[in-house]
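Working notes, structure below.
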Amino acid sequence: MRFAFASVLALGLLTTTAASDEPLKTAPLGIEQVAEHPAMSGLTMSPDGKHIAALVASAKYKWPVVTIWEADNLAKAPIGIPSTDKRPLAVSFLGNEHAIIFLDQPFTPSGFKTRTFEAVVTDLAAKKFTRPFEVKSLGSEKQYGINFSVFLDGSVEKPNEYLIERGNPQIGTTEILKLDVTTMNVERAARAADDEGFVLADIRDGQLMVKEKLRATGDGWQVVREVRNRTTGSWEEHPQLGYPIKQRAAINPLGFFDPDPNKLFVSTNRNSNFQQIQVYDIVSRTWETEPAFASPDADISDASALIDNDAKKVVGVGSYTVEGPARREIFVDDAWSAVQRGIEAKFPGKNVSFIDTSRKLQRAIVEVSGPTQPPVYFLLLNGRELKLLGKSKAAIDTATLGETKYVTYKARDGMTIPGLLTLPKGYDKTRHGRIPLIVHPHGGPWARDYIDWDSSGWTQFLSTRGYAVLQPQYRGSDGWGMALWKAGDMEWGQKMQDDKDDGAAWLVAEGIADPQRMAIFGYSYGGFAAIAASVRPNSPYKCAIAGAGVANLQRLGNLWGANRIQRESQGWTVKGMDPQENVAKANIPIMLYHGDRDTTADTRHSRDFFSAMKSAGKDVEYYEIKDMWHQLPWWPEWHRETLGYIENYLAGPKCFGAK
């Protein structure tokens, strides 16, 4: 890795184009501060509230260390469980006496570069380690790449009985394992057929209650939902819970949160542009007339149960989640809603999240975060007292970070496009004039951005170098209503791309962006957007940076076309302007980078586009990152390398540097 850090940007000083403008002074966020493992992450609390577990970075080990504390004696030295050969991804409690650790590592079966997963169970003293979910009949998890997740962490009636989902993506099987956390005995509860999967279990007794499968019809594939009949135990189809895949309707069963065990709470946009929480009766097979929770301008995506553990019964809904510009869980029961108001009042303007709450103890882990606040974790005691547990990025000076705000602007065809705009700390356009702009589209494209801490670090990395950063929620983004989502169908590189360019034009009109110093940088689908920008006529950008980008729509369509679900749900929407077919039109410099273990966005996209651009005599650079895969969290060395490339390319003569 070779970086030239002594650049104009690295010195933290950007001068604007007009001589009369006051220079904007910034304090660049260091590459190491972004790249390092979070000091603390993935916190969780045992059901009895007596223990806390997390991943904690350590200078002694390559990977974060699974760490377990006594909640009532935080001063006592915690138990540390380091790993030297596999990366711990997450830790969860199995009851009050055990924890399950999920790990991953690179894996190259038959020359195919991917990664594999492992699940290890330990007692809280870290004296005994077992692998109770290993696929003994097929060999090791490593050989077959088995995936694990906690499907249900105990029920009201059977709190010691956990359900573990074990999936084998190689052969497409899914099993639900029943684990008794007092004896650690494991038995298979159910096995899904090749074309089906389990959706949810009842929080009351742990009974599997909803599953789904696909059915071919004359008009395409249908999602079919079945519900277990509580009287007969048989599975029965409920057409009201199904939908044609191509419609992309949101009908997401959440759980049975009412004292009436037949009332199923569902997040759905059946009758609305945005998702609402509606209630479906599994006996009468009817929907309640009015939604339980709704918003005129945001999805209500989730809900949770309010449980009386002493009486062992479900009381009702305890909270619901609103997907606004910032995600927020809203408690509705009197006790926790009062606690929430009190804690939020201590952190105005920040996002406050409650993790693993104990209503009886009024105890929880509280996460406080925001665009200028990397997550900070507290232990809440008695519903009032907060004890600091740790900070995820303690070395970052939050006073240097740029504020993010929600904005909207008009696309050229009149559609309103939401966006998030981050401006450098202290920027004032009347004093500083126009500044460089980075248009930073998210991946997916069926995804979205939130006003919160950017776990990739990119937004603040760019903002603290004096750039305005626009995150356009272009058509095709989900979570902003069905109308915006569906407007992106078959518009790759076309109207979806117009939305990014129109956001840049809006910021020029606002007097913020310098039209001579604009760039586009994205990852995954955002990488496609950067690649597409490089071959579109009259590009508004000086340069483009594409991480793990798709370049060949035909290749992507063939990949998704081989999977009937992907083809039916999203594959048919991937049409528009194909950059690979338009290399001859490339008119701005572009830098590509891609991990060589990326199986989500095939590395060949970048390799082939780079070769085609070089053959056509176009201005292109390409860096392939050894062992890097697609998804966060990434290894620090991958972050260091890619951030160095990004910084130097933007500061260099092909982008904003002096020629």
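Please note that chains go A, B, ... in the order of the structure tokens, that every chain numbers its residues from 1, and that ligands are numbered from 1 in the order shown.
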Please provide the set of residues having any atom within 7 Å of region 577-593 of chain A, restricted to only C-alpha atoms, with same-chain residues fewer than 3 positions apart removed, written as a ChimeraX atom specification.
/A:492-494,531-532,534-537,542-548,551-553,606,609,612-613,616,618-624,654
If we count only C-alpha atoms, what is near Ile512 (chain A) at a cut-off of 9 Å, once residues fewer than 4 positions away on the same chain are taken out, given as a PyMOL selection string?
chain A and resi 428-429+433-437+468+507-508
Between A:Gly466, A:Pro515, A:Gly476, A:Gly526, single out the one closest to His442 (chain A), counting only C-alpha atoms.
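Nearest candidate to His442 (chain A) out of A:Gly466, A:Pro515, A:Gly476, A:Gly526: A:Gly526.
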Nearest candidate to Gln473 (chain A) (options A:His440, A:Arg597, A:Arg270, A:Arg327; using only C-alpha atoms):
A:His440
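Backbone DSSP over region 447-614 of chain A gives strand (DSSP E or B) for Ala468, Val469, Leu470, Gln471, Pro472, Trp492, Ala513, Asp514, Pro515, Gln516, Arg517, Met518, Ala519, Ile520, Phe521, Gly522, Tyr523, Cys543, Ala544, Ile545, Ala546, Gly547, Gly576, Ile590, Met591, Leu592, Tyr593, His594 and Gly595 of chain A.
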Would you put the residues from that selection into a file with C-alpha atoms, as a CSV table (one decimal), in the first residue's frame?
chain,number,residue,atom,x,y,z
A,468,ALA,CA,-20.3,18.9,0.9
A,469,VAL,CA,-21.7,15.4,0.8
A,470,LEU,CA,-25.1,14.7,-0.8
A,471,GLN,CA,-26.7,11.3,-0.2
A,472,PRO,CA,-29.6,11.3,-2.7
A,492,TRP,CA,-30.7,2.0,-14.1
A,513,ALA,CA,-21.6,23.4,-4.8
A,514,ASP,CA,-18.8,24.6,-7.1
A,515,PRO,CA,-19.9,23.3,-10.5
A,516,GLN,CA,-16.2,22.9,-11.5
A,517,ARG,CA,-15.5,20.7,-8.5
A,518,MET,CA,-18.1,18.0,-8.2
A,519,ALA,CA,-17.4,14.2,-8.0
A,520,ILE,CA,-19.5,11.1,-7.6
A,521,PHE,CA,-18.5,8.3,-5.2
A,522,GLY,CA,-20.5,5.2,-4.4
A,523,TYR,CA,-20.2,1.5,-3.4
A,543,CYS,CA,-14.3,12.5,-11.7
A,544,ALA,CA,-15.9,9.4,-10.3
A,545,ILE,CA,-14.9,6.7,-7.8
A,546,ALA,CA,-16.6,3.3,-7.9
A,547,GLY,CA,-16.2,0.7,-5.1
A,576,GLY,CA,-31.5,0.7,-18.6
A,590,ILE,CA,-12.8,7.1,-12.9
A,591,MET,CA,-11.1,5.1,-10.2
A,592,LEU,CA,-12.4,1.6,-9.5
A,593,TYR,CA,-11.7,-0.7,-6.5
A,594,HIS,CA,-13.1,-4.1,-5.6
A,595,GLY,CA,-12.5,-6.9,-3.2
Skip region 88-98 of chain A itself and residues of its chain fewer than 4 positions away, then list as a list of chain:residue names all residues within 6 Å of it, counting only C-alpha atoms.
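Within the cut-off, the hits are A:Ser46, A:Phe102, A:Leu103, A:Thr122, A:Asp123, A:Leu124, A:Val181.
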Would you work out the distance separating CA of Val266 (chain A) from CA of Arg248 (chain A), expressed in Å to one decimal?
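Interatomic distance here is 15.3 Å.
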Go through region 415-456 of chain A residue by residue and, counting only C-alpha atoms, keep those with an atom at most 12 Å from region 377-399 of chain A; for each kept residue give the shortest atom pair and its distance in Å to one decimal, ordered by chain and increasing number, as a tab-separated table.
residue	atom	partner	partner_atom	distance
A:Pro424	CA	A:Ala399	CA	11.1
A:Lys425	CA	A:Ala399	CA	8.0
A:Gly426	CA	A:Ala399	CA	10.1
A:Trp453	CA	A:Ser392	CA	10.8
A:Asp454	CA	A:Lys393	CA	12.0
A:Ser455	CA	A:Ser392	CA	10.4
Running DSSP on the backbone, which parts of region 318-486 of chain A land in helix (DSSP H, G or I), as a ChimeraX atom specification?
/A:334-346,398-400,429-432,458-463,482-486
Using only C-alpha atoms, which residues sit within 8 Å of Thr114 (chain A) once same-chain residues fewer than 6 positions away are excluded, as a VMD selection string?
chain A and resid 106 to 108 597 to 599 629
Nearest residue to Thr231 (chain A) out of A:Pro540, A:Pro348, A:Pro261, A:Pro244, using only C-alpha atoms?
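Answer, going by the shortest atom-to-atom distance: A:Pro261.
In this model, the gap between CA of Ala35 (chain A) and CA of Gln631 (chain A) comes to 14.5 Å.
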So which one's closest to Arg567 (chain A), A:Gly220, A:Glu212, A:Gln278, A:Lys178? Using only C-alpha atoms, please.
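Comparing A:Gly220, A:Glu212, A:Gln278, A:Lys178 against Arg567 (chain A), the winner is A:Gly220.
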Residue neighbourhood Leu208 (chain A), 8 Å, only C-alpha atoms, exclusion window fewer than 4 positions, as a ChimeraX atom specification
/A:198,200-202,228
Could you take the residues named above and write them with N, CA and C atoms, as a CSV table (one decimal), in the first residue's frame?
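The new file part35.csv reads:
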chain,number,residue,atom,x,y,z
A,198,PHE,N,-39.2,-20.5,7.3
A,198,PHE,CA,-40.0,-20.1,8.4
A,198,PHE,C,-39.9,-18.6,8.7
A,200,LEU,N,-41.9,-16.7,11.5
A,200,LEU,CA,-41.9,-16.4,12.9
A,200,LEU,C,-42.5,-17.5,13.7
A,201,ALA,N,-42.1,-17.4,15.0
A,201,ALA,CA,-42.6,-18.2,16.1
A,201,ALA,C,-43.4,-17.4,17.1
A,202,ASP,N,-44.3,-18.0,17.8
A,202,ASP,CA,-45.1,-17.2,18.7
A,202,ASP,C,-44.3,-17.0,20.0
A,228,ARG,N,-50.0,-21.8,11.1
A,228,ARG,CA,-50.4,-23.0,11.9
A,228,ARG,C,-51.8,-22.9,12.5
Could you check which of A:Leu632, A:Leu420, A:Ile438, A:Met482 is closest to Ile646 (chain A), using only C-alpha atoms?
A:Ile438
Neighbouring residues of Leu55 (chain A) were defined as those with any atom within 10 Å, considering only C-alpha atoms; residues of the same chain fewer than 3 positions away were excluded. Please report them as a PDB file with N, CA, C and O atoms, in the first residue's frame.
ATOM      1  N   HIS A  37     -11.017  -1.046  14.336  1.00  0.00           N
ATOM      2  CA  HIS A  37     -12.196  -1.695  14.893  1.00  0.00           C
ATOM      3  C   HIS A  37     -12.873  -0.748  15.889  1.00  0.00           C
ATOM      4  O   HIS A  37     -12.186  -0.026  16.637  1.00  0.00           O
ATOM      5  N   PRO A  38     -14.196  -0.721  15.947  1.00  0.00           N
ATOM      6  CA  PRO A  38     -14.834   0.043  17.014  1.00  0.00           C
ATOM      7  C   PRO A  38     -14.321  -0.435  18.373  1.00  0.00           C
ATOM      8  O   PRO A  38     -14.125  -1.641  18.587  1.00  0.00           O
ATOM      9  N   ALA A  39     -14.085   0.503  19.264  1.00  0.00           N
ATOM     10  CA  ALA A  39     -13.597   0.129  20.592  1.00  0.00           C
ATOM     11  C   ALA A  39     -14.589  -0.770  21.310  1.00  0.00           C
ATOM     12  O   ALA A  39     -14.208  -1.643  22.094  1.00  0.00           O
ATOM     13  N   MET A  40     -15.880  -0.566  21.024  1.00  0.00           N
ATOM     14  CA  MET A  40     -16.929  -1.388  21.619  1.00  0.00           C
ATOM     15  C   MET A  40     -18.079  -1.463  20.625  1.00  0.00           C
ATOM     16  O   MET A  40     -18.447  -0.464  20.013  1.00  0.00           O
ATOM     17  N   SER A  41     -18.647  -2.649  20.445  1.00  0.00           N
ATOM     18  CA  SER A  41     -19.758  -2.807  19.515  1.00  0.00           C
ATOM     19  C   SER A  41     -20.547  -4.061  19.867  1.00  0.00           C
ATOM     20  O   SER A  41     -20.086  -4.910  20.637  1.00  0.00           O
ATOM     21  N   GLY A  42     -21.746  -4.172  19.298  1.00  0.00           N
ATOM     22  CA  GLY A  42     -22.557  -5.379  19.435  1.00  0.00           C
ATOM     23  C   GLY A  42     -22.961  -5.710  20.846  1.00  0.00           C
ATOM     24  O   GLY A  42     -22.998  -6.886  21.238  1.00  0.00           O
ATOM     25  N   LEU A  43     -23.318  -4.695  21.648  1.00  0.00           N
ATOM     26  CA  LEU A  43     -23.642  -4.938  23.053  1.00  0.00           C
ATOM     27  C   LEU A  43     -24.966  -5.691  23.197  1.00  0.00           C
ATOM     28  O   LEU A  43     -25.900  -5.494  22.425  1.00  0.00           O
ATOM     29  N   THR A  44     -25.034  -6.508  24.228  1.00  0.00           N
ATOM     30  CA  THR A  44     -26.254  -7.248  24.535  1.00  0.00           C
ATOM     31  C   THR A  44     -26.298  -7.530  26.038  1.00  0.00           C
ATOM     32  O   THR A  44     -25.259  -7.512  26.709  1.00  0.00           O
ATOM     33  N   SER A  58      -8.880  -4.714  21.000  1.00  0.00           N
ATOM     34  CA  SER A  58      -7.731  -4.900  21.879  1.00  0.00           C
ATOM     35  C   SER A  58      -6.449  -4.774  21.070  1.00  0.00           C
ATOM     36  O   SER A  58      -6.345  -5.332  19.971  1.00  0.00           O
ATOM     37  N   TRP A  63      -8.356  -9.389  16.263  1.00  0.00           N
ATOM     38  CA  TRP A  63      -9.807  -9.249  16.214  1.00  0.00           C
ATOM     39  C   TRP A  63     -10.341  -8.692  17.526  1.00  0.00           C
ATOM     40  O   TRP A  63      -9.726  -8.873  18.592  1.00  0.00           O
ATOM     41  N   PRO A  64     -11.518  -8.048  17.506  1.00  0.00           N
ATOM     42  CA  PRO A  64     -12.166  -7.660  18.761  1.00  0.00           C
ATOM     43  C   PRO A  64     -12.378  -8.886  19.652  1.00  0.00           C
ATOM     44  O   PRO A  64     -12.591 -10.004  19.156  1.00  0.00           O
ATOM     45  N   VAL A  65     -12.333  -8.664  20.932  1.00  0.00           N
ATOM     46  CA  VAL A  65     -12.438  -9.737  21.923  1.00  0.00           C
ATOM     47  C   VAL A  65     -13.859  -9.776  22.480  1.00  0.00           C
ATOM     48  O   VAL A  65     -14.400  -8.744  22.905  1.00  0.00           O
ATOM     49  N   VAL A  66     -14.484 -10.951  22.469  1.00  0.00           N
ATOM     50  CA  VAL A  66     -15.772 -11.117  23.147  1.00  0.00           C
ATOM     51  C   VAL A  66     -15.540 -10.906  24.638  1.00  0.00           C
ATOM     52  O   VAL A  66     -14.677 -11.560  25.246  1.00  0.00           O
ATOM     53  N   THR A  67     -16.289  -9.979  25.228  1.00  0.00           N
ATOM     54  CA  THR A  67     -16.057  -9.573  26.614  1.00  0.00           C
ATOM     55  C   THR A  67     -17.370  -9.622  27.380  1.00  0.00           C
ATOM     56  O   THR A  67     -18.407  -9.176  26.879  1.00  0.00           O
ATOM     57  N   ILE A  68     -17.326 -10.161  28.615  1.00  0.00           N
ATOM     58  CA  ILE A  68     -18.532 -10.326  29.428  1.00  0.00           C
ATOM     59  C   ILE A  68     -18.304  -9.685  30.790  1.00  0.00           C
ATOM     60  O   ILE A  68     -17.320  -9.979  31.478  1.00  0.00           O
ATOM     61  N   GLY A  80     -12.657 -12.059  29.208  1.00  0.00           N
ATOM     62  CA  GLY A  80     -12.340 -11.853  27.807  1.00  0.00           C
ATOM     63  C   GLY A  80     -12.166 -13.175  27.083  1.00  0.00           C
ATOM     64  O   GLY A  80     -11.538 -14.093  27.613  1.00  0.00           O
ATOM     65  N   ILE A  81     -12.733 -13.271  25.888  1.00  0.00           N
ATOM     66  CA  ILE A  81     -12.649 -14.501  25.100  1.00  0.00           C
ATOM     67  C   ILE A  81     -12.076 -14.143  23.734  1.00  0.00           C
ATOM     68  O   ILE A  81     -12.800 -13.830  22.790  1.00  0.00           O
ATOM     69  N   PRO A  82     -10.746 -14.135  23.598  1.00  0.00           N
ATOM     70  CA  PRO A  82     -10.125 -13.746  22.324  1.00  0.00           C
ATOM     71  C   PRO A  82     -10.176 -14.873  21.301  1.00  0.00           C
ATOM     72  O   PRO A  82     -10.310 -16.050  21.646  1.00  0.00           O
ATOM     73  N   PRO A  88     -14.630 -12.727  15.417  1.00  0.00           N
ATOM     74  CA  PRO A  88     -15.951 -12.710  16.046  1.00  0.00           C
ATOM     75  C   PRO A  88     -16.832 -11.644  15.392  1.00  0.00           C
ATOM     76  O   PRO A  88     -16.440 -10.487  15.276  1.00  0.00           O
ATOM     77  N   LEU A  89     -18.008 -12.043  14.960  1.00  0.00           N
ATOM     78  CA  LEU A  89     -18.955 -11.120  14.333  1.00  0.00           C
ATOM     79  C   LEU A  89     -19.986 -10.600  15.318  1.00  0.00           C
ATOM     80  O   LEU A  89     -20.412  -9.447  15.230  1.00  0.00           O
ATOM     81  N   ALA A  90     -20.421 -11.464  16.236  1.00  0.00           N
ATOM     82  CA  ALA A  90     -21.481 -11.077  17.170  1.00  0.00           C
ATOM     83  C   ALA A  90     -21.479 -12.046  18.338  1.00  0.00           C
ATOM     84  O   ALA A  90     -20.959 -13.168  18.250  1.00  0.00           O
ATOM     85  N   VAL A  91     -22.081 -11.595  19.429  1.00  0.00           N
ATOM     86  CA  VAL A  91     -22.264 -12.447  20.601  1.00  0.00           C
ATOM     87  C   VAL A  91     -23.680 -12.221  21.123  1.00  0.00           C
ATOM     88  O   VAL A  91     -24.182 -11.093  21.110  1.00  0.00           O
TER      89      VAL A  91
END
Nearest candidate to Gly419 (chain A) (options A:Trp506, A:Trp336, A:Phe656, A:Phe117; using only C-alpha atoms)
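Closest to Gly419 (chain A), using only C-alpha atoms: A:Trp506.
Atom pair CA of Glu288 (chain A) / CA of Asp308 (chain A): separated by 25.0 Å.
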